[in-house]
>>> print(open('target.txt').read())   # compact mmCIF, C-alpha atoms
# COMPACT_ATOMS: atom_id res chain seq x y z
CA MET A 14 91.99 171.40 61.63
CA SER A 15 88.23 172.11 61.89
CA ALA A 16 86.15 170.98 64.84
CA THR A 17 84.12 168.63 62.65
CA GLU A 18 87.14 166.84 61.00
CA PRO A 19 87.76 163.39 62.53
CA SER A 20 91.16 162.71 64.03
CA LYS A 21 93.49 160.13 62.29
CA PRO A 22 94.66 157.06 64.25
CA THR A 23 98.34 156.73 65.18
CA PRO A 24 100.11 154.03 63.09
CA PRO A 25 101.58 150.96 64.76
CA VAL A 26 105.14 151.43 65.95
CA PRO A 27 107.46 148.42 65.78
CA ALA A 28 109.91 147.82 68.56
CA PRO A 29 113.16 149.60 67.65
CA PRO A 30 115.62 146.71 67.72
CA ALA A 31 113.25 143.93 66.81
CA ALA A 32 111.83 144.73 63.33
CA PRO A 33 111.72 147.36 60.58
CA LEU A 34 108.95 149.94 60.43
CA PRO A 35 105.80 148.89 58.56
CA ARG A 36 105.74 149.98 54.91
CA LYS A 37 102.19 151.32 55.12
CA VAL A 38 100.39 153.06 57.93
CA PRO A 39 96.95 151.49 58.31
CA THR A 40 93.94 153.51 59.32
CA PRO A 41 90.62 152.20 60.59
CA ALA A 42 89.04 153.23 57.28
CA ALA A 43 91.67 151.26 55.36
CA VAL A 44 91.00 148.01 57.12
CA ALA A 45 88.62 145.88 55.08
CA PRO A 46 85.43 144.96 56.89
CA THR A 47 85.26 141.35 58.02
CA THR A 48 82.46 139.15 59.09
CA ALA A 49 82.19 138.04 62.64
CA ALA A 50 83.14 134.47 61.70
CA THR A 51 86.22 135.52 59.79
CA THR A 52 87.30 137.86 62.60
CA ALA A 53 86.82 135.13 65.14
CA ALA A 54 88.83 132.60 63.08
CA SER A 55 91.60 135.11 62.41
CA SER A 56 91.73 136.13 66.05
CA SER A 57 91.79 132.49 67.14
CA ASP A 58 94.70 131.66 64.71
CA ALA A 59 96.58 134.82 65.48
CA ALA A 60 96.19 134.21 69.20
CA LYS A 61 98.31 131.08 68.85
CA TRP A 62 101.30 133.11 67.70
CA GLY A 63 100.72 136.67 68.83
CA ARG A 64 99.43 138.83 71.65
CA VAL A 65 98.71 142.52 72.18
CA ALA A 66 99.47 144.44 75.36
CA ASP A 67 97.23 147.18 76.74
CA ASP A 68 99.46 149.89 75.26
CA GLY A 69 99.19 148.31 71.77
CA THR A 70 102.52 146.50 71.82
CA VAL A 71 102.38 143.36 69.64
CA GLU A 72 104.49 140.28 70.33
CA VAL A 73 105.02 137.00 68.46
CA ARG A 74 105.74 133.61 70.01
CA GLU A 75 108.81 131.76 68.81
CA GLY A 76 109.17 128.51 70.69
CA GLU A 77 108.75 129.28 74.39
CA ASP A 78 109.78 132.90 74.05
CA TRP A 79 107.89 136.03 73.07
CA ARG A 80 109.41 138.75 70.89
CA VAL A 81 108.12 142.29 70.37
CA VAL A 82 107.41 143.03 66.68
CA GLY A 83 105.81 146.50 66.93
CA GLN A 84 103.00 148.65 68.29
CA TYR A 85 99.46 149.39 67.12
CA PRO A 86 98.14 151.86 69.77
CA ASP A 87 95.09 153.29 67.96
CA GLY A 88 93.26 150.11 67.08
CA THR A 89 91.69 147.08 68.65
CA PRO A 90 93.81 144.05 69.57
CA ASP A 91 92.26 142.11 66.64
CA GLU A 92 93.18 144.87 64.21
CA ALA A 93 96.69 144.96 65.61
CA LEU A 94 97.16 141.21 65.24
CA ALA A 95 95.54 141.21 61.77
CA TYR A 96 98.03 143.81 60.59
CA PHE A 97 101.07 141.77 61.62
CA VAL A 98 99.46 138.49 60.46
CA ARG A 99 99.28 140.01 56.98
CA LYS A 100 103.02 140.62 57.23
CA TYR A 101 103.46 136.95 58.00
CA ASP A 102 101.17 135.94 55.14
CA ASP A 103 103.32 137.90 52.71
CA ILE A 104 106.39 135.92 53.74
CA ALA A 105 104.49 132.63 53.78
CA PHE A 106 103.21 133.31 50.26
CA LYS A 107 106.78 133.79 49.02
CA VAL A 108 107.87 130.53 50.70
CA ARG A 109 104.94 128.62 49.19
CA THR A 110 105.68 130.05 45.73
CA LEU A 111 109.33 128.99 46.05
CA GLU A 112 108.28 125.44 47.03
CA GLN A 113 105.92 125.25 44.06
CA ARG A 114 108.66 126.35 41.67
CA HIS A 115 110.87 123.58 43.05
CA GLN A 116 108.12 120.97 42.66
CA ALA A 117 107.28 122.12 39.11
CA GLY A 118 110.91 121.68 38.05
CA GLY A 119 112.78 123.62 35.39
CA ALA A 120 114.09 126.30 37.73
CA SER A 121 117.79 126.54 38.53
CA ALA A 122 118.62 124.91 41.86
CA GLY A 123 121.22 127.57 42.50
CA ASP A 124 118.66 130.34 41.99
CA LEU A 125 116.17 128.60 44.28
CA VAL A 126 118.79 128.21 47.02
CA LYS A 127 119.74 131.86 46.68
CA GLN A 128 116.09 132.98 46.99
CA ALA A 129 115.58 130.61 49.92
CA GLY A 130 118.50 132.30 51.66
CA HIS A 131 116.92 135.73 51.16
CA LEU A 132 113.58 134.51 52.51
CA LEU A 133 115.28 132.84 55.47
CA ALA A 134 116.85 136.18 56.37
CA GLU A 135 113.48 137.88 55.91
CA ALA A 136 111.71 135.33 58.17
CA THR A 137 114.32 135.76 60.89
CA ASP A 138 113.29 138.46 63.42
CA ALA A 139 110.50 139.51 61.04
CA ALA A 140 107.94 142.11 62.16
CA ALA A 141 105.13 139.60 61.62
CA VAL A 142 102.84 137.31 63.61
CA GLY A 143 102.65 133.65 62.61
CA ASP A 144 104.60 130.39 62.59
CA LEU A 145 107.91 132.00 61.62
CA ALA A 146 109.87 129.03 62.95
CA GLY A 147 107.83 126.75 60.68
CA LEU A 148 108.67 128.92 57.67
CA ARG A 149 112.36 128.74 58.53
CA GLU A 150 112.17 124.96 58.85
CA ARG A 151 110.52 124.70 55.45
CA LEU A 152 113.19 126.92 53.93
CA ASN A 153 115.98 124.89 55.50
CA ALA A 154 114.39 121.66 54.25
CA LEU A 155 114.11 123.15 50.77
CA THR A 156 117.76 124.23 50.82
CA SER A 157 118.83 120.76 51.99
CA SER A 158 116.85 119.02 49.24
CA LEU A 159 118.48 121.28 46.64
CA SER A 160 122.05 120.71 47.82
CA GLU A 161 122.75 117.77 45.44
CA ALA A 162 121.14 119.51 42.47
CA THR A 163 123.17 122.63 43.27
CA ALA A 164 126.38 120.61 43.23
CA GLN A 165 125.42 119.05 39.88
CA GLU A 166 124.63 122.45 38.47
CA ALA A 167 127.95 123.76 39.71
CA GLN A 168 129.73 120.84 38.00
CA GLN A 169 127.79 121.40 34.79
CA ALA A 170 128.55 125.10 34.98
CA LYS A 171 132.24 124.30 35.40
CA GLU A 172 132.13 121.95 32.41
CA LEU A 173 130.42 124.62 30.33
CA VAL A 174 133.04 127.16 31.35
CA ASP A 175 135.86 124.73 30.51
CA LYS A 176 134.25 124.06 27.13
CA ALA A 177 133.82 127.79 26.49
CA ILE A 178 137.48 128.37 27.37
CA ALA A 179 138.52 125.63 24.95
CA GLU A 180 136.35 127.07 22.18
CA ARG A 181 137.62 130.61 22.71
CA THR A 182 141.18 129.29 22.85
CA ALA A 183 140.58 127.61 19.47
CA LEU A 184 139.38 130.95 18.07
CA VAL A 185 142.52 132.63 19.44
CA GLU A 186 144.79 129.98 17.94
CA ARG A 187 143.12 130.31 14.53
CA ALA A 188 143.58 134.08 14.68
CA GLU A 189 147.23 133.63 15.66
CA GLU A 190 147.70 131.14 12.80
CA ILE A 191 146.41 133.77 10.35
CA ALA A 192 148.68 136.40 11.88
CA GLY A 193 151.64 134.01 11.57
CA ARG A 194 151.29 133.62 7.79
CA ASP A 195 153.44 135.44 5.26
CA LEU A 196 151.06 138.39 5.04
CA SER A 197 152.86 139.78 2.00
CA LYS A 198 151.52 136.90 -0.11
CA VAL A 199 147.97 136.38 1.16
CA GLN A 200 144.65 137.08 -0.53
CA TRP A 201 143.40 139.92 1.64
CA LYS A 202 139.76 139.48 0.75
CA GLN A 203 139.90 135.88 1.99
CA VAL A 204 141.95 136.72 5.11
CA THR A 205 139.62 139.59 6.03
CA ALA A 206 136.60 137.30 5.69
CA GLU A 207 138.25 134.60 7.86
CA LEU A 208 139.15 137.09 10.58
CA GLY A 209 135.68 138.63 10.43
CA GLU A 210 134.09 135.21 10.97
CA LEU A 211 136.36 134.60 13.96
CA PHE A 212 135.45 137.96 15.49
CA ASP A 213 131.72 137.30 14.98
CA ALA A 214 132.15 133.90 16.67
CA TRP A 215 134.00 135.59 19.55
CA GLN A 216 131.18 138.10 20.07
CA ALA A 217 128.59 135.32 19.93
CA HIS A 218 130.51 133.48 22.68
CA GLN A 219 130.55 136.59 24.83
CA GLN A 220 126.83 137.20 24.38
CA ASN A 221 125.51 133.64 24.58
CA GLY A 222 128.22 131.62 26.32
CA PRO A 223 128.88 131.22 30.06
CA ARG A 224 130.66 134.00 31.88
CA LEU A 225 134.40 133.39 32.22
CA SER A 226 136.59 134.61 34.99
CA LYS A 227 138.00 138.08 34.41
CA SER A 228 141.63 136.91 34.33
CA VAL A 229 141.02 134.13 31.79
CA SER A 230 138.74 136.30 29.65
CA GLN A 231 141.23 139.17 29.55
CA GLN A 232 144.17 136.87 28.78
CA LEU A 233 142.37 135.24 25.83
CA TRP A 234 141.08 138.57 24.56
CA LYS A 235 144.59 140.07 24.66
CA ARG A 236 145.93 137.23 22.48
CA PHE A 237 143.01 137.55 20.07
CA ARG A 238 143.32 141.33 19.94
CA ASP A 239 147.09 141.18 19.33
CA ALA A 240 146.69 138.69 16.47
CA ARG A 241 143.91 140.77 14.97
CA GLY A 242 146.02 143.92 15.34
CA THR A 243 148.95 142.28 13.53
CA VAL A 244 146.75 141.35 10.59
CA ASP A 245 145.08 144.78 10.52
CA LYS A 246 148.46 146.53 10.51
CA ALA A 247 149.71 144.42 7.60
CA ARG A 248 146.45 144.95 5.72
CA ARG A 249 146.63 148.72 6.14
CA ALA A 250 150.23 148.68 4.91
CA PHE A 251 149.27 146.56 1.90
CA TYR A 252 146.39 148.80 0.88
CA SER A 253 148.47 151.91 1.48
CA GLU A 254 151.11 150.56 -0.89
CA LEU A 255 148.39 149.47 -3.29
CA ASP A 256 146.92 152.97 -3.22
CA ASP A 257 150.34 154.38 -4.14
CA THR A 258 150.65 151.87 -6.99
CA HIS A 259 147.15 152.65 -8.20
CA LYS A 260 147.87 156.38 -8.06
CA SER A 261 151.04 155.96 -10.11
CA ALA A 262 149.21 153.82 -12.68
CA ARG A 263 146.28 156.23 -12.70
CA ASP A 264 148.55 159.20 -13.41
CA ALA A 265 150.38 157.30 -16.18
CA LYS A 266 147.14 156.18 -17.82
CA THR A 267 145.69 159.67 -17.58
CA ARG A 268 148.66 160.97 -19.57
CA LEU A 269 148.21 158.14 -22.10
CA VAL A 270 144.54 159.08 -22.50
CA GLU A 271 145.45 162.70 -23.13
CA ARG A 272 148.03 161.66 -25.76
CA ALA A 273 145.52 159.32 -27.40
CA GLU A 274 142.86 162.02 -27.53
CA ALA A 275 145.41 164.38 -29.11
CA LEU A 276 145.75 161.96 -32.08
CA ALA A 277 142.19 162.61 -33.24
CA PRO A 278 143.10 165.33 -35.83
CA ARG A 279 145.55 162.92 -37.52
CA GLY A 280 142.82 160.44 -38.39
CA VAL A 281 144.10 157.23 -40.01
CA ASP A 282 147.69 158.40 -39.77
CA GLY A 283 147.37 158.40 -35.97
CA ILE A 284 146.69 154.63 -35.74
CA PRO A 285 150.38 153.52 -35.53
CA ALA A 286 150.99 156.00 -32.70
CA TYR A 287 147.81 154.79 -30.98
CA ARG A 288 149.05 151.19 -31.13
CA THR A 289 152.26 152.28 -29.44
CA LEU A 290 150.21 153.98 -26.71
CA LEU A 291 148.19 150.76 -26.33
CA ASP A 292 151.40 148.82 -25.59
CA GLU A 293 152.31 151.44 -22.96
CA TRP A 294 148.80 151.15 -21.51
CA LYS A 295 149.22 147.38 -21.00
CA ALA A 296 152.54 147.97 -19.23
CA ALA A 297 151.18 150.73 -16.96
CA GLY A 298 149.63 148.35 -14.41
CA ARG A 299 146.31 148.49 -12.58
CA ALA A 300 144.82 151.75 -11.35
CA GLY A 301 141.88 150.26 -9.46
CA ARG A 302 138.71 148.95 -11.08
CA LYS A 303 136.70 152.16 -10.99
CA ALA A 304 139.54 154.37 -12.25
CA ASP A 305 140.61 151.77 -14.83
CA ASP A 306 137.10 151.50 -16.25
CA ALA A 307 136.70 155.26 -16.54
CA LEU A 308 140.15 155.84 -18.09
CA TRP A 309 139.80 152.88 -20.46
CA ALA A 310 136.46 154.23 -21.68
CA ARG A 311 138.19 157.49 -22.69
CA PHE A 312 141.24 155.71 -24.16
CA LYS A 313 139.06 153.34 -26.20
CA ALA A 314 136.88 156.20 -27.41
CA ALA A 315 139.99 157.95 -28.74
CA GLY A 316 141.03 154.75 -30.56
CA ASP A 317 137.51 154.19 -31.88
CA ALA A 318 137.60 157.63 -33.47
CA LEU A 319 140.83 156.75 -35.33
CA TYR A 320 139.61 153.33 -36.44
CA SER A 321 136.29 154.83 -37.47
CA ALA A 322 138.18 157.18 -39.78
CA ARG A 323 140.04 154.19 -41.19
CA ALA A 324 136.77 152.31 -41.68
CA GLU A 325 135.38 155.26 -43.60
CA GLN A 326 138.53 155.40 -45.72
CA SER A 327 138.37 151.64 -46.36
CA ALA A 328 134.73 151.92 -47.39
CA ALA A 329 135.60 154.68 -49.85
CA GLU A 330 138.57 152.70 -51.22
CA GLU A 331 136.42 149.60 -51.59
CA ALA A 332 133.85 151.57 -53.53
CA ASP A 333 136.61 152.90 -55.82
CA SER A 334 137.97 149.35 -56.27
CA ALA A 335 134.72 147.87 -57.63
CA PRO A 336 135.52 148.64 -61.31
CA LYS A 337 139.14 147.52 -60.82
CA ILE A 338 137.93 144.18 -59.50
CA GLU A 339 135.71 143.74 -62.55
CA ALA A 340 138.64 144.62 -64.86
CA ARG A 341 140.93 142.05 -63.27
CA GLN A 342 138.23 139.40 -63.34
CA ALA A 343 137.91 140.06 -67.10
CA LEU A 344 141.70 139.67 -67.48
CA LEU A 345 141.51 136.32 -65.66
CA GLU A 346 138.92 135.13 -68.16
CA GLU A 347 141.24 136.26 -70.96
CA ALA A 348 144.21 134.50 -69.30
CA LYS A 349 142.50 131.12 -69.61
CA ALA A 350 143.63 131.14 -73.23
CA VAL A 351 147.27 130.86 -72.09
CA ALA A 352 146.80 127.22 -71.15
CA ASP A 353 145.12 126.48 -74.45
CA GLU A 354 147.91 128.01 -76.56
CA PRO A 355 150.19 125.15 -77.72
CA HIS A 356 153.02 127.43 -78.83
CA ILE A 357 155.09 128.35 -75.77
CA LYS A 358 156.34 131.71 -77.06
CA ARG A 359 152.90 132.90 -78.09
CA ALA A 360 151.51 131.76 -74.72
CA ARG A 361 154.22 133.76 -72.94
CA ALA A 362 153.49 136.87 -75.06
CA LEU A 363 149.77 136.59 -74.27
CA LEU A 364 150.42 136.29 -70.54
CA THR A 365 152.92 139.17 -70.52
CA GLY A 366 150.31 141.47 -72.08
CA ILE A 367 147.76 140.44 -69.47
CA GLN A 368 150.28 141.04 -66.65
CA ARG A 369 151.03 144.53 -67.96
CA GLN A 370 147.32 145.42 -68.00
CA TRP A 371 146.96 143.82 -64.54
CA ASP A 372 149.57 146.17 -63.06
CA GLU A 373 148.13 149.21 -64.80
CA ILE A 374 144.79 148.67 -63.06
CA GLY A 375 146.42 149.53 -59.67
CA ARG A 376 145.80 148.57 -56.05
CA ILE A 377 142.51 147.06 -54.94
CA PHE A 378 140.84 147.37 -51.53
CA PRO A 379 140.15 145.53 -49.39
CA ARG A 380 143.46 143.73 -49.57
CA ASP A 381 142.00 140.24 -49.13
CA LYS A 382 140.09 140.62 -52.40
CA GLU A 383 143.26 141.76 -54.13
CA ARG A 384 145.18 138.74 -52.75
CA ALA A 385 142.44 136.37 -53.96
CA LEU A 386 142.64 137.75 -57.51
CA ASP A 387 146.47 137.67 -57.47
CA ASP A 388 146.39 134.03 -56.36
CA ARG A 389 144.20 133.07 -59.34
CA LEU A 390 146.60 134.78 -61.81
CA ARG A 391 149.59 133.19 -60.08
CA VAL A 392 148.18 129.71 -60.81
CA ILE A 393 148.16 130.53 -64.53
CA GLU A 394 151.69 131.97 -64.35
CA GLN A 395 153.06 128.87 -62.58
CA ALA A 396 151.42 126.52 -65.09
CA LEU A 397 153.09 128.35 -67.99
CA LYS A 398 156.41 128.43 -66.16
CA ALA A 399 156.26 124.64 -65.71
CA ARG A 400 155.64 124.20 -69.47
CA GLU A 401 158.59 126.49 -70.23
CA GLU A 402 160.91 124.49 -67.98
CA VAL A 403 159.93 121.23 -69.66
CA ASP A 404 160.43 122.76 -73.13
CA TRP A 405 163.77 124.26 -72.17
CA LYS A 406 165.07 120.96 -70.87
CA LYS A 407 163.93 119.25 -74.03
CA ASN A 408 165.40 121.75 -76.49
CA ASN A 409 168.56 122.76 -74.64
CA PRO A 410 171.62 122.14 -77.00
CA GLU A 411 173.70 120.70 -74.20
CA THR A 412 170.89 118.42 -73.21
CA LYS A 413 170.42 117.39 -76.82
CA ALA A 414 174.18 116.68 -77.21
CA ARG A 415 174.17 114.52 -74.13
CA ALA A 416 171.06 112.74 -75.36
CA ASN A 417 172.60 112.11 -78.81
CA ASP A 418 175.77 110.76 -77.23
CA MET A 419 173.74 108.50 -75.00
CA SER A 420 171.64 107.37 -77.97
CA SER A 421 174.77 106.43 -79.90
CA GLN A 422 176.06 104.41 -76.98
CA LEU A 423 172.71 102.69 -76.61
CA LEU A 424 172.57 101.89 -80.32
CA GLU A 425 176.06 100.33 -80.19
CA ALA A 426 175.05 98.35 -77.11
CA ILE A 427 171.85 97.18 -78.77
CA GLU A 428 173.73 96.05 -81.89
CA LYS A 429 176.22 94.12 -79.75
CA LEU A 430 173.48 92.52 -77.67
CA GLU A 431 171.57 91.45 -80.78
CA ALA A 432 174.72 89.68 -82.00
CA GLU A 433 175.19 88.02 -78.58
CA LEU A 434 171.55 86.90 -78.57
CA ALA A 435 171.85 85.39 -82.03
CA ALA A 436 175.06 83.52 -81.08
CA ALA A 437 173.50 82.18 -77.89
CA GLU A 438 170.39 80.97 -79.67
CA LYS A 439 172.58 79.32 -82.34
CA SER A 440 174.67 77.55 -79.74
CA GLY A 441 171.59 76.54 -77.71
CA ASP A 442 172.81 78.37 -74.58
CA GLU A 443 169.44 79.28 -73.10
CA LYS A 444 170.89 81.05 -70.07
CA ALA A 445 173.08 83.33 -72.15
CA ALA A 446 170.26 83.90 -74.59
CA LYS A 447 167.89 85.00 -71.76
CA ALA A 448 170.48 87.36 -70.27
CA ALA A 449 171.13 88.92 -73.67
CA ALA A 450 167.41 89.29 -74.35
CA ASP A 451 166.78 91.02 -70.97
CA ALA A 452 169.68 93.40 -71.48
CA LEU A 453 168.55 94.11 -75.01
CA GLU A 454 165.01 94.97 -73.86
CA ALA A 455 166.35 97.36 -71.19
CA ARG A 456 168.59 99.20 -73.66
CA ARG A 457 165.73 99.61 -76.11
CA THR A 458 163.53 101.06 -73.36
CA TRP A 459 166.18 103.62 -72.47
CA LEU A 460 166.59 104.55 -76.12
CA SER A 461 162.83 105.04 -76.43
CA ALA A 462 162.87 107.34 -73.43
CA LEU A 463 165.56 109.47 -75.11
CA GLY A 464 163.35 109.76 -78.17
CA GLY A 465 165.51 107.51 -80.29
>>> encode(input="target.txt", output="structure tokens")
Amino acid sequence: MSATEPSKPTPPVPAPPAAPLPRKVPTPAAVAPTTAATTAASSSDAAKWGRVADDGTVEVREGEDWRVVGQYPDGTPDEALAYFVRKYDDIAFKVRTLEQRHQAGGASAGDLVKQAGHLLAEATDAAAVGDLAGLRERLNALTSSLSEATAQEAQQAKELVDKAIAERTALVERAEEIAGRDLSKVQWKQVTAELGELFDAWQAHQQNGPRLSKSVSQQLWKRFRDARGTVDKARRAFYSELDDTHKSARDAKTRLVERAEALAPRGVDGIPAYRTLLDEWKAAGRAGRKADDALWARFKAAGDALYSARAEQSAAEEADSAPKIEARQALLEEAKAVADEPHIKRARALLTGIQRQWDEIGRIFPRDKERALDDRLRVIEQALKAREEVDWKKNNPETKARANDMSSQLLEAIEKLEAELAAAEKSGDEKAAKAAADALEARRTWLSALGG
């Protein structure tokens, strides 16, 4: 140290058992300058509660007793008192802030009581000069005024905890209900969503709900975790089995695709075999959406190639059939003359010639056009057949013999009835005459129908 450097003052030393050491060592330069009036007022106020001995020992008055709070040997008595008064002011400021928070409302009574307890401990045997007993009285009064609110808060907290336990228990029971289902028959997408919602609700309770006791929380969590584990185990088993099923179906469909693609060189002739493969495809089962879509695209492309070849063939056949269609349409126009021919045998000969030419024309494509033309010719054939049946019935020798025999019988009956009618009219028997006339008319009608 140089001769010109000023010496630093020794910091105040608190009494060993009475108070903790000051947090900051003051120096004369660090002490803010004060006016004479302020110094006098501070000294006057501080003198009520503190005093400084000649060796710098500072004491505070508590009731009728004096207690040593520390030492300030390298300063004036006013500086020594001012230092420890500031310590008191710090505590007083905290007490005043706590009282203001209570008066403003909104703060938790339990938190205020807890802070009041800390300040009460701080104001007891504090290394400070001031009305420490007054601060402790204010803190005790504050604690007393908060006692009822603290009890209400405790009751409300208990009710909230009870409610939270009930809500978490409900979540557990819902999870256990899901785990108790027949998990071999559930819709896993729905079950997974339900369990996910329950787990999200559980986490929200943990984050936002009241804190539960460790024993209750662990007991409920164990039940929830066990139920969730049961469902997860069954789900993993289901999807593992499903993966095996999908793999089997995927392998089978892959082989079907390869067989379908191998039919390409056969063209139209490969279509029957492709249809058989399509039946096997439907029986192969599901291989998973992504695999199914990819394999089906290949399988369908192989089928499209075959059906495309058939479409080309059909187009060529249809083009070749155009003149055949015109020829058959011309024959249909010619066949209209069959109905106009009154002679049955000549009509049959005309139709037979048309039918022979019809068959010589050959097959027509597409088939629906061929069927439409055949249907029109069949109408003409059936009309002629009906005429032939009527003619055959009319000219059949057996039929004629039966008709002649019937005509003879009717003629005999008519002759007899005419005689009966004449006799009845002669005798004036109107009833007999009417009966004979009616019978006679009926027999004549029958004879007319037989062509007699």
>>> atom_distance(input="target.txt", atom1="CA of Gln342 (chain A)", atom2="CA of Leu386 (chain A)")
7.5 Å
>>> residues_around(input="target.txt", residues="Asp305 (chain A)", least_positions_apart="6", cutoff="12 Å", atoms="only C-alpha atoms", output="short mmCIF file (atom, residue, chain, number, x, y, z; two decimals) with C-alpha atoms, keeping the file's coordinate frame")
data_model
loop_
_atom_site.label_atom_id
_atom_site.label_comp_id
_atom_site.auth_asym_id
_atom_site.auth_seq_id
_atom_site.Cartn_x
_atom_site.Cartn_y
_atom_site.Cartn_z
CA HIS A 259 147.15 152.65 -8.20
CA LYS A 260 147.87 156.38 -8.06
CA ALA A 262 149.21 153.82 -12.68
CA ARG A 263 146.28 156.23 -12.70
CA ASP A 264 148.55 159.20 -13.41
CA ALA A 265 150.38 157.30 -16.18
CA LYS A 266 147.14 156.18 -17.82
CA THR A 267 145.69 159.67 -17.58
CA VAL A 270 144.54 159.08 -22.50
CA TRP A 294 148.80 151.15 -21.51
CA LYS A 295 149.22 147.38 -21.00
CA ALA A 297 151.18 150.73 -16.96
CA GLY A 298 149.63 148.35 -14.41
CA ARG A 299 146.31 148.49 -12.58
CA ARG A 311 138.19 157.49 -22.69
CA PHE A 312 141.24 155.71 -24.16
CA LYS A 313 139.06 153.34 -26.20
#
>>> residues_near_point(input="target.txt", point="(107.1, 127.7, 69.9)", cutoff="10 Å", atoms="all atoms listed in the file", output="list in words")
Lys61, Trp62, Val73, Arg74, Glu75, Gly76, Glu77, Asp78, Trp79, Asp144, Leu145, Ala146 and Gly147 of chain A
>>> residues_around(input="target.txt", residues="region 110-120 of chain A", least_positions_apart="6", cutoff="9 Å", atoms="only C-alpha atoms", output="PyMOL selection string")
chain A and resi 128-129+151-152+155+159
>>> write_last_selection(input="target.txt", atoms="C-alpha atoms", output="CSV table (one decimal), in the coordinates of the input")
chain,number,residue,atom,x,y,z
A,128,GLN,CA,116.1,133.0,47.0
A,129,ALA,CA,115.6,130.6,49.9
A,151,ARG,CA,110.5,124.7,55.4
A,152,LEU,CA,113.2,126.9,53.9
A,155,LEU,CA,114.1,123.2,50.8
A,159,LEU,CA,118.5,121.3,46.6
>>> atom_distance(input="target.txt", atom1="CA of Ala105 (chain A)", atom2="CA of Leu148 (chain A)")
6.8 Å
>>> residues_around(input="target.txt", residues="region 280-282 of chain A", least_positions_apart="6", cutoff="10 Å", atoms="only C-alpha atoms", output="MDAnalysis selection string")
chainID A and resid 316 318:326
>>> closest_residue(input="target.txt", among="A:Ile178, A:Ala448, A:Val185, A:Glu293", to="Ser228 (chain A)", atoms="all atoms listed in the file")
A:Ile178
